[in-house]
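K.L.:
Have a peek at start12.txt (compact mmCIF, C-alpha atoms).
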# COMPACT_ATOMS: atom_id res chain seq x y z
CA MET A 1 -106.28 52.42 -8.32
CA PRO A 2 -106.80 50.13 -11.35
CA SER A 3 -103.24 50.68 -12.54
CA SER A 4 -101.75 49.53 -9.25
CA ALA A 5 -104.05 46.49 -9.17
CA GLN A 6 -103.04 45.56 -12.71
CA SER A 7 -99.36 46.02 -11.87
CA HIS A 8 -99.77 43.81 -8.81
CA ALA A 9 -101.45 41.06 -10.89
CA ARG A 10 -98.65 41.13 -13.46
CA SER A 11 -95.94 40.97 -10.80
CA HIS A 12 -97.78 38.13 -9.11
CA ALA A 13 -97.94 36.15 -12.37
CA LEU A 14 -94.21 36.67 -12.92
CA LEU A 15 -93.44 35.42 -9.42
CA LEU A 16 -95.61 32.36 -9.99
CA LEU A 17 -93.65 31.43 -13.12
CA GLN A 18 -90.37 31.97 -11.29
CA LYS A 19 -91.65 29.71 -8.52
CA LEU A 20 -92.65 27.10 -11.08
CA LEU A 21 -89.26 27.13 -12.81
CA ASN A 22 -87.41 26.99 -9.48
CA LEU A 23 -89.44 23.97 -8.23
CA ARG A 24 -90.31 25.77 -5.02
CA ASP A 25 -93.06 24.53 -2.68
CA SER A 26 -94.20 21.92 -5.23
CA ALA A 27 -95.73 24.66 -7.37
CA SER A 28 -96.71 22.14 -10.05
CA PRO A 29 -96.36 18.35 -9.66
CA LEU A 30 -97.08 17.84 -13.38
CA THR A 31 -96.06 20.48 -15.90
CA LEU A 32 -97.05 19.98 -19.53
CA VAL A 33 -94.97 21.80 -22.14
CA LEU A 34 -96.55 22.12 -25.59
CA ASP A 35 -94.32 22.99 -28.54
CA THR A 36 -94.46 22.94 -32.33
CA LEU A 37 -92.12 22.58 -35.25
CA GLU A 38 -91.92 26.36 -35.43
CA GLN A 39 -90.66 26.66 -31.85
CA SER A 40 -89.02 23.87 -29.90
CA ALA A 41 -89.35 23.53 -26.13
CA ASN A 42 -85.58 23.06 -25.72
CA PRO A 43 -84.93 26.60 -24.38
CA LEU A 44 -87.56 26.11 -21.69
CA VAL A 45 -86.26 22.63 -20.81
CA HIS A 46 -82.72 24.03 -20.52
CA GLU A 47 -84.09 26.69 -18.19
CA PHE A 48 -85.56 23.99 -15.95
CA LEU A 49 -82.21 22.19 -15.97
CA SER A 50 -80.23 25.34 -15.15
CA ARG A 51 -82.44 26.33 -12.24
CA ALA A 52 -82.50 22.76 -10.91
CA LYS A 53 -78.70 22.83 -10.91
CA VAL A 54 -78.70 26.08 -8.95
CA SER A 55 -81.12 24.66 -6.37
CA LYS A 56 -79.06 21.42 -6.20
CA SER A 57 -81.99 19.23 -7.21
CA LYS A 58 -81.49 15.81 -8.75
CA VAL A 59 -82.40 15.70 -12.43
CA ILE A 60 -83.65 12.50 -14.09
CA PHE A 61 -84.00 12.72 -17.85
CA VAL A 62 -86.13 10.11 -19.66
CA SER A 63 -85.32 10.15 -23.35
CA PHE A 64 -87.45 8.95 -26.24
CA ALA A 65 -85.78 11.19 -28.82
CA ALA A 66 -82.41 12.40 -27.48
CA LEU A 67 -79.40 10.18 -28.06
CA LYS A 68 -76.91 11.93 -25.80
CA LYS A 69 -77.12 12.94 -22.18
CA PRO A 70 -77.90 16.69 -21.93
CA GLN A 71 -75.70 18.93 -19.84
CA GLY A 72 -76.76 19.23 -16.22
CA VAL A 73 -78.56 15.86 -16.08
CA ASP A 74 -77.70 13.49 -13.23
CA THR A 75 -79.44 10.35 -14.51
CA PHE A 76 -80.12 9.60 -18.17
CA ILE A 77 -82.67 6.86 -18.93
CA LYS A 78 -83.45 5.58 -22.42
CA GLY A 79 -87.19 5.12 -22.72
CA TRP A 80 -87.61 3.59 -26.16
CA GLY A 81 -88.25 -0.15 -26.46
CA LYS A 82 -89.35 -0.58 -22.84
CA THR A 83 -92.71 -1.49 -21.37
CA PRO A 84 -94.41 1.02 -19.05
CA ASP A 85 -93.88 -1.26 -16.02
CA SER A 86 -90.16 -1.74 -16.62
CA LEU A 87 -89.70 1.96 -17.35
CA ARG A 88 -91.54 2.92 -14.18
CA ALA A 89 -89.40 0.56 -12.09
CA GLU A 90 -86.19 1.96 -13.58
CA ILE A 91 -87.23 5.57 -12.99
CA THR A 92 -88.36 5.06 -9.39
CA SER A 93 -85.16 3.15 -8.58
CA HIS A 94 -83.22 6.41 -9.03
CA TYR A 95 -85.37 8.36 -6.57
CA PRO A 96 -83.32 9.43 -3.53
CA SER A 97 -84.29 7.87 -0.24
CA GLY A 98 -85.38 10.08 2.62
CA THR A 99 -88.07 10.61 5.17
CA ALA A 100 -91.23 12.40 4.26
CA GLY A 101 -90.69 16.13 4.17
CA HIS A 102 -86.89 15.78 4.09
CA ALA A 103 -86.51 14.02 0.74
CA HIS A 104 -84.24 15.58 -1.84
CA LYS A 105 -86.01 17.45 -4.63
CA VAL A 106 -86.17 15.59 -7.93
CA LEU A 107 -86.87 17.02 -11.38
CA LEU A 108 -88.12 14.34 -13.76
CA ILE A 109 -88.10 15.37 -17.43
CA ILE A 110 -89.62 13.35 -20.28
CA ASP A 111 -88.40 14.79 -23.56
CA THR A 112 -91.48 13.65 -25.51
CA LEU A 113 -94.80 12.24 -24.35
CA ASN A 114 -95.92 11.37 -27.87
CA SER A 115 -94.37 7.90 -27.71
CA LEU A 116 -96.17 7.03 -24.48
CA ALA A 117 -99.41 8.56 -25.76
CA SER A 118 -99.19 6.43 -28.89
CA SER A 119 -98.22 3.13 -27.26
CA THR A 120 -100.35 3.20 -24.11
CA PRO A 121 -103.00 5.92 -24.47
CA SER A 122 -105.45 4.27 -22.06
CA ASN A 123 -102.90 3.86 -19.24
CA LEU A 124 -101.13 7.18 -19.76
CA ALA A 125 -102.76 8.87 -16.77
CA LEU A 126 -102.00 5.93 -14.46
CA PHE A 127 -98.38 5.77 -15.60
CA LEU A 128 -97.68 9.47 -15.02
CA SER A 129 -99.50 9.53 -11.68
CA SER A 130 -97.37 6.66 -10.40
CA LEU A 131 -94.19 8.65 -11.04
CA ILE A 132 -95.21 11.72 -9.03
CA THR A 133 -94.42 11.98 -5.33
CA PRO A 134 -94.32 15.00 -2.96
CA ALA A 135 -90.60 15.36 -3.72
CA VAL A 136 -90.81 14.78 -7.49
CA SER A 137 -91.84 17.35 -10.09
CA LEU A 138 -92.58 15.97 -13.54
CA VAL A 139 -92.05 18.03 -16.70
CA GLY A 140 -93.26 16.46 -19.93
CA VAL A 141 -92.97 17.78 -23.49
CA TYR A 142 -95.68 17.10 -26.05
CA HIS A 143 -95.21 17.93 -29.74
CA THR A 144 -98.57 19.16 -31.00
CA ASP A 145 -97.56 19.05 -34.69
CA VAL A 146 -96.52 15.38 -34.67
CA PRO A 147 -99.34 13.08 -35.85
CA LEU A 148 -100.34 10.62 -33.14
CA VAL A 149 -100.91 7.06 -34.33
CA LEU A 150 -103.25 5.33 -31.88
CA PRO A 151 -103.51 1.53 -31.59
CA ARG A 152 -106.50 -0.27 -33.02
CA SER A 153 -107.60 -1.31 -29.55
CA PHE A 154 -108.12 2.35 -28.60
CA ASN A 155 -111.77 3.12 -27.99
CA GLU A 156 -113.00 5.96 -30.16
CA TYR A 157 -115.15 7.24 -27.29
CA GLU A 158 -112.15 7.66 -24.98
CA PRO A 159 -110.64 11.14 -24.70
CA HIS A 160 -107.65 11.96 -26.83
CA PRO A 161 -104.30 11.58 -25.00
CA LEU A 162 -103.64 15.31 -25.31
CA THR A 163 -107.00 16.00 -23.67
CA THR A 164 -106.05 13.64 -20.84
CA LEU A 165 -102.67 15.31 -20.38
CA SER A 166 -104.24 18.78 -20.36
CA HIS A 167 -106.70 17.62 -17.70
CA LEU A 168 -104.03 16.07 -15.47
CA ALA A 169 -101.48 18.86 -15.74
CA THR A 170 -101.36 21.40 -12.94
CA ALA A 171 -99.45 23.79 -15.22
CA ILE A 172 -99.45 24.12 -19.01
CA LEU A 173 -96.68 26.03 -20.77
CA ARG A 174 -97.15 26.75 -24.48
CA VAL A 175 -94.06 27.95 -26.32
CA SER A 176 -94.11 29.92 -29.56
CA SER A 177 -91.76 32.04 -31.64
CA LEU A 178 -91.23 35.64 -30.55
CA TYR A 179 -90.64 36.70 -34.15
CA GLN A 180 -93.99 35.26 -35.24
CA ALA A 181 -95.77 36.86 -32.30
CA ILE A 182 -94.32 40.26 -33.26
CA GLU A 183 -95.40 39.84 -36.89
CA ARG A 184 -98.93 38.91 -35.82
CA ARG A 185 -99.03 41.94 -33.54
CA LYS A 186 -98.02 44.22 -36.41
CA ALA A 187 -100.77 42.76 -38.59
CA GLN A 188 -103.35 43.27 -35.82
CA ASN A 189 -102.31 46.90 -35.37
CA ARG A 190 -102.82 47.51 -39.09
CA SER A 191 -106.09 45.48 -39.23
CA LEU A 192 -104.51 43.05 -41.68
CA GLN A 193 -104.80 39.30 -41.93
CA GLU A 194 -102.38 37.57 -39.58
CA PRO A 195 -99.54 35.76 -41.37
CA GLU A 196 -99.06 31.99 -41.12
CA TRP A 197 -95.93 29.87 -41.07
CA GLY A 198 -94.99 26.26 -41.66
CA LEU A 199 -97.83 23.76 -41.77
CA ASP A 200 -100.42 26.49 -41.31
CA GLU A 201 -99.43 28.04 -44.64
CA GLY A 202 -101.02 25.12 -46.47
CA ARG A 203 -98.23 24.94 -49.03
CA GLU A 204 -97.03 21.62 -50.32
CA GLY A 205 -93.67 20.61 -48.90
CA VAL A 206 -93.45 23.46 -46.36
CA LEU A 207 -92.87 22.26 -42.79
CA ILE A 208 -91.08 25.17 -41.09
CA GLY A 209 -91.46 28.83 -41.94
CA LEU A 210 -88.47 31.01 -42.69
CA GLY A 211 -88.00 34.37 -41.03
CA GLY A 212 -84.85 35.70 -42.64
CA GLU A 213 -83.39 38.99 -41.43
CA LYS A 214 -86.55 39.94 -39.54
CA LYS A 215 -86.30 36.80 -37.42
CA VAL A 216 -82.68 37.60 -36.58
CA ALA A 217 -83.65 41.16 -35.63
CA ALA A 218 -86.36 39.85 -33.27
CA GLY A 219 -83.76 37.98 -31.24
CA ASP A 220 -83.73 34.51 -29.71
CA GLY A 221 -86.62 35.10 -27.36
CA VAL A 222 -89.34 32.52 -26.81
CA VAL A 223 -92.93 33.37 -25.95
CA VAL A 224 -94.16 31.26 -23.02
CA GLU A 225 -97.90 31.19 -22.38
CA MET A 226 -98.50 29.99 -18.82
CA GLU A 227 -101.68 28.45 -17.47
CA LEU A 228 -101.16 27.64 -13.81
CA ARG A 229 -103.93 25.92 -11.89
CA ARG A 230 -103.87 26.76 -8.21
CA ARG A 231 -104.99 24.46 -5.44
CA SER A 232 -108.02 26.66 -4.89
CA GLY A 233 -109.18 25.87 -8.43
CA ARG A 234 -108.40 29.33 -9.76
CA SER A 235 -106.36 29.50 -12.95
CA VAL A 236 -103.66 32.11 -13.59
CA ALA A 237 -102.86 32.82 -17.24
CA GLU A 238 -100.18 35.16 -18.55
CA LYS A 239 -97.70 35.43 -21.43
CA PHE A 240 -93.96 35.91 -20.95
CA VAL A 241 -90.80 36.24 -22.99
CA LEU A 242 -87.88 33.95 -22.19
CA VAL A 243 -84.51 35.12 -23.50
CA PRO A 244 -82.08 32.20 -23.06
CA THR A 245 -78.54 32.30 -21.65
CA THR A 246 -78.09 35.90 -20.57
CA VAL A 247 -76.85 35.55 -16.97
CA LYS A 248 -74.19 33.19 -15.61
CA VAL A 249 -74.33 31.97 -12.01
CA GLN A 250 -71.34 30.42 -10.27
CA VAL A 251 -72.24 27.07 -8.67
CA GLN A 252 -69.48 24.85 -7.31
CA ASN A 253 -66.79 26.36 -9.53
CA LYS A 254 -69.04 25.90 -12.57
CA LYS A 255 -70.86 28.55 -14.52
CA VAL A 256 -74.57 27.85 -14.91
CA GLU A 257 -76.42 29.94 -17.46
CA THR A 258 -79.90 31.22 -16.64
CA SER A 259 -82.26 33.19 -18.82
CA LYS A 260 -83.94 36.56 -18.70
CA LEU A 261 -87.67 36.49 -18.09
CA TYR A 262 -90.20 39.29 -18.43
CA LEU A 263 -93.83 39.85 -19.39
CA LEU A 264 -94.80 39.89 -23.05
CA SER A 265 -96.67 43.16 -22.50
CA ASP A 266 -93.35 44.76 -21.50
CA HIS A 267 -91.80 44.02 -24.90
CA PRO A 268 -91.50 47.17 -27.05
CA ALA A 269 -93.63 45.62 -29.82
CA PHE A 270 -96.47 44.79 -27.41
CA ARG A 271 -96.30 47.77 -25.06
CA ASP A 272 -99.41 49.92 -24.87
CA PRO A 273 -98.60 53.51 -25.90
CA SER A 274 -100.91 54.84 -23.18
CA ASP A 275 -98.72 53.21 -20.52
CA GLY A 276 -95.52 54.86 -21.70
CA ASP A 277 -95.63 58.01 -19.56
CA GLN A 278 -98.13 56.84 -16.99
CA GLY A 279 -95.91 57.68 -14.03
CA GLY A 280 -94.99 61.16 -15.25
CA THR A 281 -98.53 62.31 -16.08
CA ALA A 282 -100.35 60.84 -13.09
CA GLY A 283 -100.25 64.08 -11.10
CA GLU A 284 -100.60 66.54 -13.97
CA GLY A 285 -103.97 68.14 -14.80
CA ASP A 286 -107.32 66.64 -13.94
CA GLY A 287 -106.91 63.38 -15.85
CA GLU A 288 -107.48 65.01 -19.25
CA MET A 289 -106.83 63.00 -22.36
CA GLU A 290 -103.50 63.67 -24.05
CA THR A 291 -104.10 64.73 -27.69
CA THR A 292 -102.46 66.88 -30.33
CA PHE A 293 -105.34 69.40 -30.11
CA ASN A 294 -107.11 71.13 -27.22
CA LEU A 295 -110.38 69.56 -26.12
CA GLY A 296 -111.08 72.18 -23.45
CA LEU A 297 -112.98 75.48 -23.65
CA THR A 298 -111.76 78.97 -22.99
CA GLU A 299 -113.65 81.23 -20.57
CA LYS A 300 -115.24 83.19 -23.43
CA GLN A 301 -116.35 79.99 -25.17
CA ARG A 302 -117.87 78.72 -21.93
CA ARG A 303 -119.85 81.98 -21.41
CA ASP A 304 -121.11 81.96 -25.00
CA ARG A 305 -122.25 78.35 -24.65
CA GLU A 306 -124.16 79.10 -21.47
CA GLY A 307 -125.89 82.08 -23.11
CA ILE A 308 -127.40 80.08 -25.95
CA VAL A 309 -131.17 79.56 -25.62
CA LEU A 310 -132.25 76.34 -27.29
CA PRO A 311 -135.66 76.12 -29.03
CA TYR A 312 -137.21 73.61 -26.66
CA PHE A 313 -136.73 76.01 -23.74
CA ASP A 314 -139.26 78.45 -25.29
CA ALA A 315 -141.78 75.65 -25.75
CA GLN A 316 -141.53 74.69 -22.10
CA LYS A 317 -142.21 78.26 -20.92
CA ASP A 318 -145.58 78.45 -22.72
CA ILE A 319 -146.86 75.27 -21.06
CA GLY A 320 -148.68 75.75 -17.78
CA ALA A 321 -148.14 73.58 -14.73
CA GLY A 322 -149.81 70.19 -15.01
CA GLU A 323 -150.69 70.51 -18.70
CA GLY A 324 -148.04 68.08 -19.84
CA GLY A 325 -146.20 68.38 -23.12
CA ARG A 326 -147.62 69.60 -26.41
CA ILE A 327 -146.41 70.08 -29.97
CA LEU A 328 -146.00 73.62 -31.28
CA TYR A 329 -146.37 73.72 -35.04
CA GLU A 330 -146.76 76.70 -37.36
CA MET A 331 -148.60 75.88 -40.60
CA GLY A 332 -147.22 76.99 -43.88
CA ARG A 333 -148.89 77.86 -47.17
CA GLU A 334 -148.38 74.36 -48.56
CA ASP A 335 -150.02 72.62 -45.57
CA ASP A 336 -153.53 71.23 -46.08
CA PHE A 337 -155.45 71.60 -42.80
CA ASP A 338 -157.92 68.78 -42.14
CA ASP A 339 -160.65 69.27 -39.52
CA GLU A 340 -161.10 65.55 -39.05
CA GLU A 341 -157.46 65.03 -38.02
CA ASP A 342 -157.80 67.86 -35.51
CA GLU A 343 -160.84 66.20 -33.95
CA ILE A 344 -159.02 62.87 -33.63
What would you get if you wrote out this structure as structure tokens?
P.N.:
Amino acid sequence: MPSSAQSHARSHALLLLQKLLNLRDSASPLTLVLDTLEQSANPLVHEFLSRAKVSKSKVIFVSFAALKKPQGVDTFIKGWGKTPDSLRAEITSHYPSGTAGHAHKVLLIIDTLNSLASSTPSNLALFLSSLITPAVSLVGVYHTDVPLVLPRSFNEYEPHPLTTLSHLATAILRVSSLYQAIERRKAQNRSLQEPEWGLDEGREGVLIGLGGEKKVAAGDGVVVEMELRRRSGRSVAEKFVLVPTTVKVQVQNKKVETSKLYLLSDHPAFRDPSDGDQGGTAGEGDGEMETTFNLGLTEKQRRDREGIVLPYFDAQKDIGAGEGGRILYEMGREDDFDDEEDEI
């Protein structure tokens, strides 16, 4: 059944995201997280940190923007003011030693890739590739709203650093505001123009949009759009809602907070009304459409419809076998009969 196939695809996408967040089976060696001024990637990064703590993975945090060591980080490395070679040597020196296949899992997080993309855009792919090993999963955050100042030596025919990152990444996670997604959905349902916030408003001096009471009512959820590229070359895309810090897990006498995760289509504002009572109406009737009026016919209406003789039936009875079709026309008083037209 199509409904069961669709349900299986949605459950499969949710399991893939869970696998990606839990760093299981090297689901994604390089994960690119794209955020904006309207919605920061911090909730998603904290989710990676919390799940890495539960799985007892080593966390290395490379900072270009943060000044303090985040909670749950084992190694904190300051990235600003260092050359790519020295930074690479410092990062790899903290990798745990172990034989192939038995090495400890490592989560490497770079809080912003904009600095690297601006300083060394041509060697960005080589730098990131040198940090990835079978036991290391790299998560990098790129701020799409921050203008990128490229050096003068950058060739204009080379691809943009964001294009290079999108090509290298095995998984791309785009975060956006749940409140804004709900407001856009409401506008789509009413066939209205979708609202804009922040820089997209085009107003002078406006950087971040304000939501007010409606934003508080929408909650602290974050919309995560996943694009996971499998080894087979097939891409899996789905949208989810991440609600931070809802469940606490006890790990070594410490409480680790994890988030609630579900599909965006399961949110009340995005749920399809036709799917509301799908399970209860599956075995009722013959699959008739549910409406406020009756689309069926009574027995008397069905007999009356079958007894109607349409005009073209009479025309077909007067035609003999093999004569084909002909036009039956009765002339009126206003008609001017022309012999020449009849001969033609």
K.L.:
Which is closest to Leu150 (chain A) among A:Gln301, A:Gln18, A:Ser115, A:Ser11, if we use all atoms listed in the file?
P.N.:
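Once distances to Leu150 (chain A) are computed over all atoms listed in the file, the minimum belongs to A:Ser115.
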K.L.:
Could you jot down the CA of Leu23 (chain A) to CA of Ser232 (chain A) separation for me, Å, one decimal place?
P.N.:
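Distance between the two atoms: 19.1 Å.
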K.L.:
For CA of Leu21 (chain A) and CA of Ile132 (chain A), quote the distance in Å rounded to one decimal.
P.N.:
16.9 Å
K.L.:
How many Å lie between CA of Lys78 (chain A) and CA of Leu32 (chain A), rounded to one decimal?
P.N.:
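One can read the CA of Lys78 (chain A) to CA of Leu32 (chain A) distance as 20.0 Å.
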K.L.:
Can you work out which one of A:Thr92, A:Ser259, A:Ser235, A:Ser86 has the shortest atom-to-atom distance to His46 (chain A), counting all atoms listed in the file?
P.N.:
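For His46 (chain A), the nearest of the candidates is A:Ser259.
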K.L.:
Quick one: of A:Val139, A:Leu16, A:Ile77, A:Ala117, who's nearest to Arg230 (chain A), counting only C-alpha atoms?
P.N.:
A:Leu16
K.L.:
I'd like the neighbourhood of region 194-200 of chain A as a ChimeraX atom specification, where a residue qualifies if any of its atoms comes within 12 Å (using all atoms listed in the file), though same-chain residues fewer than 4 positions away should be ignored.
P.N.:
/A:36-39,144-146,176-177,179-190,204-211
K.L.:
Contacts of Asp85 (chain A) at 12 Å or less, counting only C-alpha atoms, minus same-chain residues fewer than 3 places along, as a PyMOL selection string?
P.N.:
chain A and resi 79+81-82+88-92+120+123-124+126-128+130-131
K.L.:
Out of A:Val73, A:Leu178, A:Val241, A:Ala135, which residue has the shortest atom-to-atom distance to Arg24 (chain A) when counting all atoms listed in the file?
P.N.:
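Under the stated criterion, the closest residue is A:Ala135.
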K.L.:
For Leu228 (chain A), find every residue with an atom within 7 Å (counting all atoms listed in the file), except residues of its own chain fewer than 5 positions away, and show them as a PyMOL selection string.
P.N.:
chain A and resi 170-172+235-237
K.L.:
Can I get the selected residues back with C-alpha atoms, as a PDB file, in the coordinates of the input?
P.N.:
ATOM      1  CA  THR A 170    -101.360  21.400 -12.940  1.00  0.00           C
ATOM      2  CA  ALA A 171     -99.450  23.790 -15.220  1.00  0.00           C
ATOM      3  CA  ILE A 172     -99.450  24.120 -19.010  1.00  0.00           C
ATOM      4  CA  SER A 235    -106.360  29.500 -12.950  1.00  0.00           C
ATOM      5  CA  VAL A 236    -103.660  32.110 -13.590  1.00  0.00           C
ATOM      6  CA  ALA A 237    -102.860  32.820 -17.240  1.00  0.00           C
TER       7      ALA A 237
END
K.L.:
Applying 8 Å and all atoms listed in the file, which residues near Gly72 (chain A) remain after dropping the ones on its own chain fewer than 4 positions away? List them as a list of chain:residue names.
P.N.:
A:Leu49, A:Ser50, A:Lys53, A:Val59
K.L.:
I need the residue nearest Ser97 (chain A) from this list: A:Ala9, A:Val62, A:Val136, A:Ala52. Use all atoms listed in the file for the distance.
P.N.:
A:Val136
